[in-house]
Amino acid sequence: MKCNICAHSTEFVFSATVLGKIDAPFYRCLHCGFLQTEEPTWLDEAYAIPIIPYDTGIMMRNYRLSMQTASLLFYQFKPGNKFVDFGGGYGIFTRLMRDIGFDFYWYDPYAQNLIAQGFNYEQSMQGIELVTCFESFEHFVSPLEEIERILQISRNLLISTELLPEPIPGPGEWWYYMFDHGQHISFYTVRTLNEIARRFGLNLYTYKNVHLFTEKVISPFFFRLLVKYCTKGIYKRVVNKMNSRTYSDIDEIKAISLMSQ
């Protein structure tokens with residue numbers, strides 16, 4: 001089969017048991033290293049519960065990502081513009097970013113917005129500075145199609161996904177496969193991300209599991225500095241300079257509620 005990213009040839013790597021009962025073959029791209037499966041027939045069952053119950057790291061992960069994102073947006077982008085969290089889950093990240101002071105909006109085709117109600121992204125919105133898309137790329141069946149959709153919102157895209165180790169670990173040797181819940185079906189290397197950036201005419205900046213696609217030219221060192229050391233005073237300085245939307249959002253939510261009555 002052909003690679004879903006670069007259309008080069010792939011080779012069979014292993015078969016994994018998905019959802020405890022389905023035998024799924026996985027293939028590695030010989031050019032960019034992308035790891036993919038065949039057409040996943042089990043996704044309806046896998047997404048019966050969009051966010052798995054044993055995702056105990058959901059709060060810590062969103063808090064860490066909010067610090068990293070806030071630091072990056074404040075120093076490298078226009079913090080007064082609008083932002084969208086694509087694949088926003090229950091709305092935790094959107095609420096955290098609004099509490100800091102960023103005008104963030106939520107979008108997710110699978111999950112329900114429980115935490116950031118009233119701040120859903122609408123296609124009519126203009127001037128979106130950047131889209132975040134955390135822990136979603138590994139869910140994409142057709143990554144290039146999904147990425148193209150996102151880039152129509154903004155040409156600045158900040159994502160998180162764990163990079164595939166080399167050599168490729170077996171099915172029981174890497175925690176990020178999570179084959180028991182069946183939602184992770186696409187796995188990326190740095191070469192894969194560079195191929196995506198090349199195809200869409202963007203620059204790539206990456207540090208561990210945080211990756212930025214953008215038309216902007218920034219210092220790779222400064223990108224790593226903001227992501228790695230956001231907790232070393234950088235985040236606190238950002239919070240002190242931003243105006244939190246925590247209380248002003250109350251009036252906005254009330255106004256939205258009145259309009260819907």
# chains A, B, ... in the order shown; residues from 1 in each chain; ligands from 1
>>> residues_around(residues="Gly170 (chain A)", least_positions_apart="4", cutoff="10 Å", atoms="only C-alpha atoms", output="MDAnalysis selection string")
chainID A and resid 13:16 174 177
>>> write_last_selection(atoms="N, CA and C atoms", output="compact mmCIF listing (two decimals), in the first residue's frame")
# COMPACT_ATOMS: atom_id res chain seq x y z
N VAL A 13 5.10 -4.00 8.94
CA VAL A 13 5.95 -3.97 10.13
C VAL A 13 5.47 -4.98 11.16
N PHE A 14 4.17 -4.91 11.51
CA PHE A 14 3.62 -5.85 12.48
C PHE A 14 2.10 -5.84 12.40
N SER A 15 1.49 -6.81 13.05
CA SER A 15 0.05 -6.82 13.27
C SER A 15 -0.21 -6.59 14.74
N ALA A 16 -1.25 -5.83 15.04
CA ALA A 16 -1.61 -5.52 16.42
C ALA A 16 -3.07 -5.88 16.66
N TRP A 174 5.46 0.21 23.22
CA TRP A 174 5.36 1.68 23.24
C TRP A 174 3.97 2.06 23.72
N TYR A 177 0.89 3.66 21.40
CA TYR A 177 0.04 2.94 20.44
C TYR A 177 -1.41 2.87 20.94
>>> residues_around(residues="Pro167 (chain A)", least_positions_apart="4", cutoff="12 Å", atoms="only C-alpha atoms", output="list in words")
Val13, Arg28, Gly33, Leu35, Leu163, Glu173, Trp174 and Thr189 of chain A
>>> select_by_dssp(residues="region 134-202 of chain A", states="helix (DSSP H, G or I)", output="ChimeraX atom specification")
/A:137-139,143-151,175-177,190-199
>>> write_last_selection(atoms="C-alpha atoms", output="PDB file, in the first residue's frame")
ATOM      1  CA  PHE A 137      -2.984  13.839  14.491  1.00  0.00           C
ATOM      2  CA  GLU A 138      -2.626  10.220  15.622  1.00  0.00           C
ATOM      3  CA  HIS A 139      -6.424   9.873  15.191  1.00  0.00           C
ATOM      4  CA  PRO A 143      -4.063  13.153   7.628  1.00  0.00           C
ATOM      5  CA  LEU A 144      -3.494  15.366   4.583  1.00  0.00           C
ATOM      6  CA  GLU A 145      -7.224  15.973   4.137  1.00  0.00           C
ATOM      7  CA  GLU A 146      -7.638  16.873   7.810  1.00  0.00           C
ATOM      8  CA  ILE A 147      -4.581  19.123   7.797  1.00  0.00           C
ATOM      9  CA  GLU A 148      -5.822  20.911   4.681  1.00  0.00           C
ATOM     10  CA  ARG A 149      -9.148  21.563   6.466  1.00  0.00           C
ATOM     11  CA  ILE A 150      -7.341  23.013   9.456  1.00  0.00           C
ATOM     12  CA  LEU A 151      -5.056  25.199   7.352  1.00  0.00           C
ATOM     13  CA  TRP A 175       2.620   3.162  25.426  1.00  0.00           C
ATOM     14  CA  TYR A 176       1.429   5.608  22.758  1.00  0.00           C
ATOM     15  CA  TYR A 177       0.044   2.937  20.445  1.00  0.00           C
ATOM     16  CA  VAL A 190      10.288  14.052  12.181  1.00  0.00           C
ATOM     17  CA  ARG A 191      10.720  13.106   8.515  1.00  0.00           C
ATOM     18  CA  THR A 192       6.942  12.730   8.254  1.00  0.00           C
ATOM     19  CA  LEU A 193       6.348  16.172   9.760  1.00  0.00           C
ATOM     20  CA  ASN A 194       8.926  17.705   7.424  1.00  0.00           C
ATOM     21  CA  GLU A 195       7.141  16.093   4.477  1.00  0.00           C
ATOM     22  CA  ILE A 196       3.832  17.612   5.645  1.00  0.00           C
ATOM     23  CA  ALA A 197       5.456  21.034   6.003  1.00  0.00           C
ATOM     24  CA  ARG A 198       6.965  20.764   2.524  1.00  0.00           C
ATOM     25  CA  ARG A 199       3.674  19.743   0.914  1.00  0.00           C
TER      26      ARG A 199
END
>>> select_by_dssp(residues="region 69-114 of chain A", states="strand (DSSP E or B)", output="JSON, numbers by chain")
{"A": [82, 83, 84, 85, 86, 103, 104, 105, 106, 107]}
>>> write_last_selection(atoms="N, CA and C atoms", output="JSON list (two decimals), in the first residue's frame")
[["chain", "number", "residue", "atom", "x", "y", "z"],
["A", 82, "LYS", "N", -7.85, 36.14, 17.43],
["A", 82, "LYS", "CA", -8.62, 34.95, 17.78],
["A", 82, "LYS", "C", -7.82, 33.68, 17.49],
["A", 83, "PHE", "N", -8.13, 32.63, 18.27],
["A", 83, "PHE", "CA", -7.48, 31.34, 18.12],
["A", 83, "PHE", "C", -8.54, 30.24, 18.20],
["A", 84, "VAL", "N", -8.22, 29.08, 17.62],
["A", 84, "VAL", "CA", -9.14, 27.94, 17.63],
["A", 84, "VAL", "C", -8.42, 26.70, 18.14],
["A", 85, "ASP", "N", -9.08, 25.97, 19.03],
["A", 85, "ASP", "CA", -8.57, 24.66, 19.45],
["A", 85, "ASP", "C", -9.35, 23.59, 18.71],
["A", 86, "PHE", "N", -8.72, 22.97, 17.73],
["A", 86, "PHE", "CA", -9.33, 21.97, 16.85],
["A", 86, "PHE", "C", -9.18, 20.60, 17.51],
["A", 103, "ASP", "N", -8.21, 34.90, 23.25],
["A", 103, "ASP", "CA", -9.56, 34.77, 22.70],
["A", 103, "ASP", "C", -9.67, 33.45, 21.93],
["A", 104, "PHE", "N", -9.80, 32.36, 22.67],
["A", 104, "PHE", "CA", -9.81, 31.01, 22.10],
["A", 104, "PHE", "C", -11.23, 30.51, 21.90],
["A", 105, "TYR", "N", -11.39, 29.67, 20.84],
["A", 105, "TYR", "CA", -12.67, 29.05, 20.55],
["A", 105, "TYR", "C", -12.48, 27.55, 20.32],
["A", 106, "TRP", "N", -13.51, 26.79, 20.60],
["A", 106, "TRP", "CA", -13.48, 25.33, 20.63],
["A", 106, "TRP", "C", -14.10, 24.73, 19.37],
["A", 107, "TYR", "N", -13.51, 23.61, 18.89],
["A", 107, "TYR", "CA", -14.14, 22.83, 17.82],
["A", 107, "TYR", "C", -13.78, 21.36, 18.00]]
>>> residues_around(residues="Phe134 (chain A)", least_positions_apart="2", cutoff="8 Å", atoms="only C-alpha atoms", output="PyMOL selection string")
chain A and resi 86-88+132+136-137+158-161
>>> write_last_selection(atoms="N, CA and C atoms", output="mmCIF file, in the first residue's frame")
data_model
loop_
_atom_site.group_PDB
_atom_site.id
_atom_site.type_symbol
_atom_site.label_atom_id
_atom_site.label_comp_id
_atom_site.auth_asym_id
_atom_site.auth_seq_id
_atom_site.Cartn_x
_atom_site.Cartn_y
_atom_site.Cartn_z
ATOM 1 N N PHE A 86 -8.717 22.974 17.726
ATOM 2 C CA PHE A 86 -9.326 21.972 16.853
ATOM 3 C C PHE A 86 -9.180 20.604 17.511
ATOM 4 N N GLY A 87 -10.301 19.878 17.651
ATOM 5 C CA GLY A 87 -10.271 18.624 18.401
ATOM 6 C C GLY A 87 -10.178 18.916 19.885
ATOM 7 N N GLY A 88 -10.990 19.861 20.338
ATOM 8 C CA GLY A 88 -10.854 20.435 21.673
ATOM 9 C C GLY A 88 -11.418 19.631 22.821
ATOM 10 N N THR A 132 -4.693 25.404 17.320
ATOM 11 C CA THR A 132 -4.036 24.335 18.062
ATOM 12 C C THR A 132 -4.761 23.027 17.772
ATOM 13 N N SER A 136 -4.389 14.870 18.370
ATOM 14 C CA SER A 136 -5.393 14.565 17.350
ATOM 15 C C SER A 136 -4.800 13.947 16.091
ATOM 16 N N PHE A 137 -3.579 14.327 15.738
ATOM 17 C CA PHE A 137 -2.984 13.839 14.491
ATOM 18 C C PHE A 137 -2.932 12.313 14.448
ATOM 19 N N LEU A 158 -0.326 24.691 15.570
ATOM 20 C CA LEU A 158 0.471 24.143 16.667
ATOM 21 C C LEU A 158 -0.151 22.827 17.105
ATOM 22 N N ILE A 159 0.630 21.750 17.071
ATOM 23 C CA ILE A 159 0.098 20.438 17.405
ATOM 24 C C ILE A 159 0.934 19.764 18.480
ATOM 25 N N SER A 160 0.361 18.714 19.052
ATOM 26 C CA SER A 160 1.162 17.808 19.881
ATOM 27 C C SER A 160 0.861 16.388 19.453
ATOM 28 N N THR A 161 1.899 15.609 19.295
ATOM 29 C CA THR A 161 1.796 14.169 19.066
ATOM 30 C C THR A 161 3.157 13.569 19.376
#
>>> closest_residue(among="A:Tyr90, A:Tyr27, A:Phe200, A:Phe140", to="His8 (chain A)", atoms="only C-alpha atoms")
A:Tyr27
>>> closest_residue(among="A:Leu130, A:Ile256, A:Met125, A:Ile92", to="Gln112 (chain A)", atoms="only C-alpha atoms")
A:Ile92
>>> residues_around(residues="Tyr75 (chain A)", least_positions_apart="4", cutoff="9 Å", atoms="only C-alpha atoms", output="list in words")
Ala70, Ser71, Pro79, Leu226 and Val238 of chain A
>>> write_last_selection(atoms="N, CA and C atoms", output="JSON list (two decimals), in the first residue's frame")
[["chain", "number", "residue", "atom", "x", "y", "z"],
["A", 70, "ALA", "N", 0.67, 29.48, 25.63],
["A", 70, "ALA", "CA", 0.60, 30.89, 26.01],
["A", 70, "ALA", "C", 1.93, 31.58, 25.81],
["A", 71, "SER", "N", 3.01, 30.93, 26.19],
["A", 71, "SER", "CA", 4.34, 31.51, 26.04],
["A", 71, "SER", "C", 4.68, 31.72, 24.56],
["A", 79, "PRO", "N", -1.08, 38.10, 20.13],
["A", 79, "PRO", "CA", -1.90, 37.55, 21.22],
["A", 79, "PRO", "C", -3.30, 38.14, 21.31],
["A", 226, "LEU", "N", 10.95, 28.62, 24.48],
["A", 226, "LEU", "CA", 9.61, 28.93, 24.96],
["A", 226, "LEU", "C", 8.85, 27.67, 25.36],
["A", 238, "VAL", "N", 3.83, 36.14, 31.08],
["A", 238, "VAL", "CA", 2.73, 36.23, 30.11],
["A", 238, "VAL", "C", 1.41, 36.48, 30.83]]
>>> atom_distance(atom1="CA of Glu135 (chain A)", atom2="CA of Phe74 (chain A)")
22.1 Å
>>> atom_distance(atom1="CA of Tyr110 (chain A)", atom2="CA of Leu43 (chain A)")
11.6 Å
>>> closest_residue(among="A:Ile52, A:Thr69, A:Gly20, A:Phe93", to="Tyr229 (chain A)", atoms="only C-alpha atoms")
A:Thr69
>>> residues_around(residues="Leu225 (chain A)", least_positions_apart="3", cutoff="10 Å", atoms="only C-alpha atoms", output="mmCIF file with C-alpha atoms, in the first residue's frame")
data_model
loop_
_atom_site.group_PDB
_atom_site.id
_atom_site.type_symbol
_atom_site.label_atom_id
_atom_site.label_comp_id
_atom_site.auth_asym_id
_atom_site.auth_seq_id
_atom_site.Cartn_x
_atom_site.Cartn_y
_atom_site.Cartn_z
ATOM 1 C CA GLN A 68 3.627 26.218 26.485
ATOM 2 C CA SER A 71 4.344 31.508 26.036
ATOM 3 C CA LEU A 72 4.667 30.808 22.321
ATOM 4 C CA TYR A 207 10.612 20.079 20.288
ATOM 5 C CA SER A 219 14.381 31.088 15.656
ATOM 6 C CA PRO A 220 14.375 27.308 16.287
ATOM 7 C CA PHE A 221 16.329 28.028 19.457
ATOM 8 C CA PHE A 222 13.703 30.515 20.688
ATOM 9 C CA LYS A 228 10.921 23.816 27.182
ATOM 10 C CA TYR A 229 11.294 26.572 29.774
ATOM 11 C CA CYS A 230 7.780 28.044 29.853
ATOM 12 C CA ILE A 234 8.116 32.883 31.109
#
>>> closest_residue(among="A:Cys3, A:Glu45, A:Arg237, A:Ile218", to="Phe187 (chain A)", atoms="only C-alpha atoms")
A:Cys3
>>> atom_distance(atom1="CA of Leu114 (chain A)", atom2="CA of Pro53 (chain A)")
15.6 Å
>>> residues_around(residues="region 239-246 of chain A", least_positions_apart="5", cutoff="8 Å", atoms="only C-alpha atoms", output="list in words")
Arg98, Asp99, Ile100, Gly101 and Phe102 of chain A
>>> write_last_selection(atoms="N, CA and C atoms", output="PDB file, in the first residue's frame")
ATOM      1  N   ARG A  98      -8.608  30.976  27.706  1.00  0.00           N
ATOM      2  CA  ARG A  98      -9.432  32.171  27.928  1.00  0.00           C
ATOM      3  C   ARG A  98      -9.182  32.728  29.337  1.00  0.00           C
ATOM      4  N   ASP A  99      -8.961  31.855  30.286  1.00  0.00           N
ATOM      5  CA  ASP A  99      -8.654  32.315  31.644  1.00  0.00           C
ATOM      6  C   ASP A  99      -7.348  33.097  31.673  1.00  0.00           C
ATOM      7  N   ILE A 100      -6.393  32.715  30.829  1.00  0.00           N
ATOM      8  CA  ILE A 100      -5.142  33.470  30.737  1.00  0.00           C
ATOM      9  C   ILE A 100      -5.384  34.823  30.068  1.00  0.00           C
ATOM     10  N   GLY A 101      -6.287  34.846  29.063  1.00  0.00           N
ATOM     11  CA  GLY A 101      -6.582  36.099  28.380  1.00  0.00           C
ATOM     12  C   GLY A 101      -6.641  35.994  26.873  1.00  0.00           C
ATOM     13  N   PHE A 102      -6.401  34.804  26.316  1.00  0.00           N
ATOM     14  CA  PHE A 102      -6.427  34.623  24.864  1.00  0.00           C
ATOM     15  C   PHE A 102      -7.854  34.342  24.395  1.00  0.00           C
TER      16      PHE A 102
END
>>> closest_residue(among="A:Met59, A:Leu212, A:Ala46, A:Val217", to="His184 (chain A)", atoms="only C-alpha atoms")
A:Ala46
>>> residues_around(residues="Ser257 (chain A)", least_positions_apart="4", cutoff="12 Å", atoms="only C-alpha atoms", output="PyMOL selection string")
chain A and resi 117-119+250-253+261
>>> decode(residues="region 71-105 of chain A", atoms="N, CA and C atoms", output="CSV table (one decimal), in the first residue's frame")
chain,number,residue,atom,x,y,z
A,71,SER,N,3.0,30.9,26.2
A,71,SER,CA,4.3,31.5,26.0
A,71,SER,C,4.7,31.7,24.6
A,72,LEU,N,4.4,30.7,23.8
A,72,LEU,CA,4.7,30.8,22.3
A,72,LEU,C,3.8,31.9,21.6
A,73,LEU,N,2.5,31.9,21.9
A,73,LEU,CA,1.6,32.9,21.3
A,73,LEU,C,2.0,34.3,21.6
A,74,PHE,N,2.3,34.5,22.9
A,74,PHE,CA,2.6,35.9,23.4
A,74,PHE,C,3.8,36.4,22.7
A,75,TYR,N,4.9,35.6,22.5
A,75,TYR,CA,6.1,36.1,22.1
A,75,TYR,C,6.4,35.9,20.6
A,76,GLN,N,5.6,35.1,19.9
A,76,GLN,CA,5.8,34.9,18.5
A,76,GLN,C,4.6,35.2,17.6
A,77,PHE,N,3.5,35.4,18.1
A,77,PHE,CA,2.3,35.7,17.3
A,77,PHE,C,1.6,37.0,17.8
A,78,LYS,N,0.4,37.2,17.4
A,78,LYS,CA,-0.4,38.4,17.8
A,78,LYS,C,-1.4,37.9,18.9
A,79,PRO,N,-1.1,38.1,20.1
A,79,PRO,CA,-1.9,37.5,21.2
A,79,PRO,C,-3.3,38.1,21.3
A,80,GLY,N,-3.5,39.3,20.7
A,80,GLY,CA,-4.9,39.9,20.7
A,80,GLY,C,-5.8,39.4,19.7
A,81,ASN,N,-5.4,38.5,18.8
A,81,ASN,CA,-6.3,37.9,17.8
A,81,ASN,C,-7.0,36.7,18.3
A,82,LYS,N,-7.8,36.1,17.4
A,82,LYS,CA,-8.6,35.0,17.8
A,82,LYS,C,-7.8,33.7,17.5
A,83,PHE,N,-8.1,32.6,18.3
A,83,PHE,CA,-7.5,31.3,18.1
A,83,PHE,C,-8.5,30.2,18.2
A,84,VAL,N,-8.2,29.1,17.6
A,84,VAL,CA,-9.1,27.9,17.6
A,84,VAL,C,-8.4,26.7,18.1
A,85,ASP,N,-9.1,26.0,19.0
A,85,ASP,CA,-8.6,24.7,19.5
A,85,ASP,C,-9.4,23.6,18.7
A,86,PHE,N,-8.7,23.0,17.7
A,86,PHE,CA,-9.3,22.0,16.9
A,86,PHE,C,-9.2,20.6,17.5
A,87,GLY,N,-10.3,19.9,17.7
A,87,GLY,CA,-10.3,18.6,18.4
A,87,GLY,C,-10.2,18.9,19.9
A,88,GLY,N,-11.0,19.9,20.3
A,88,GLY,CA,-10.9,20.4,21.7
A,88,GLY,C,-11.4,19.6,22.8
A,89,GLY,N,-11.9,18.4,22.5
A,89,GLY,CA,-12.4,17.6,23.6
A,89,GLY,C,-13.5,18.2,24.4
A,90,TYR,N,-13.4,18.2,25.7
A,90,TYR,CA,-14.4,18.7,26.6
A,90,TYR,C,-14.3,20.2,26.8
A,91,GLY,N,-13.3,20.9,26.1
A,91,GLY,CA,-13.2,22.3,26.2
A,91,GLY,C,-12.3,22.8,27.3
A,92,ILE,N,-11.5,21.9,27.9
A,92,ILE,CA,-10.6,22.2,29.0
A,92,ILE,C,-9.6,23.2,28.5
A,93,PHE,N,-8.9,22.9,27.4
A,93,PHE,CA,-7.8,23.8,26.9
A,93,PHE,C,-8.4,25.2,26.6
A,94,THR,N,-9.5,25.2,25.9
A,94,THR,CA,-10.1,26.5,25.5
A,94,THR,C,-10.4,27.4,26.7
A,95,ARG,N,-10.9,26.7,27.8
A,95,ARG,CA,-11.2,27.5,29.0
A,95,ARG,C,-9.9,28.0,29.7
A,96,LEU,N,-8.9,27.2,29.7
A,96,LEU,CA,-7.6,27.6,30.3
A,96,LEU,C,-7.0,28.8,29.6
A,97,MET,N,-7.1,28.7,28.2
A,97,MET,CA,-6.5,29.8,27.5
A,97,MET,C,-7.3,31.1,27.6
A,98,ARG,N,-8.6,31.0,27.7
A,98,ARG,CA,-9.4,32.2,27.9
A,98,ARG,C,-9.2,32.7,29.3
A,99,ASP,N,-9.0,31.9,30.3
A,99,ASP,CA,-8.7,32.3,31.6
A,99,ASP,C,-7.3,33.1,31.7
A,100,ILE,N,-6.4,32.7,30.8
A,100,ILE,CA,-5.1,33.5,30.7
A,100,ILE,C,-5.4,34.8,30.1
A,101,GLY,N,-6.3,34.8,29.1
A,101,GLY,CA,-6.6,36.1,28.4
A,101,GLY,C,-6.6,36.0,26.9
A,102,PHE,N,-6.4,34.8,26.3
A,102,PHE,CA,-6.4,34.6,24.9
A,102,PHE,C,-7.9,34.3,24.4
A,103,ASP,N,-8.2,34.9,23.2
A,103,ASP,CA,-9.6,34.8,22.7
A,103,ASP,C,-9.7,33.4,21.9
A,104,PHE,N,-9.8,32.4,22.7
A,104,PHE,CA,-9.8,31.0,22.1
A,104,PHE,C,-11.2,30.5,21.9
A,105,TYR,N,-11.4,29.7,20.8
A,105,TYR,CA,-12.7,29.0,20.5
A,105,TYR,C,-12.5,27.5,20.3
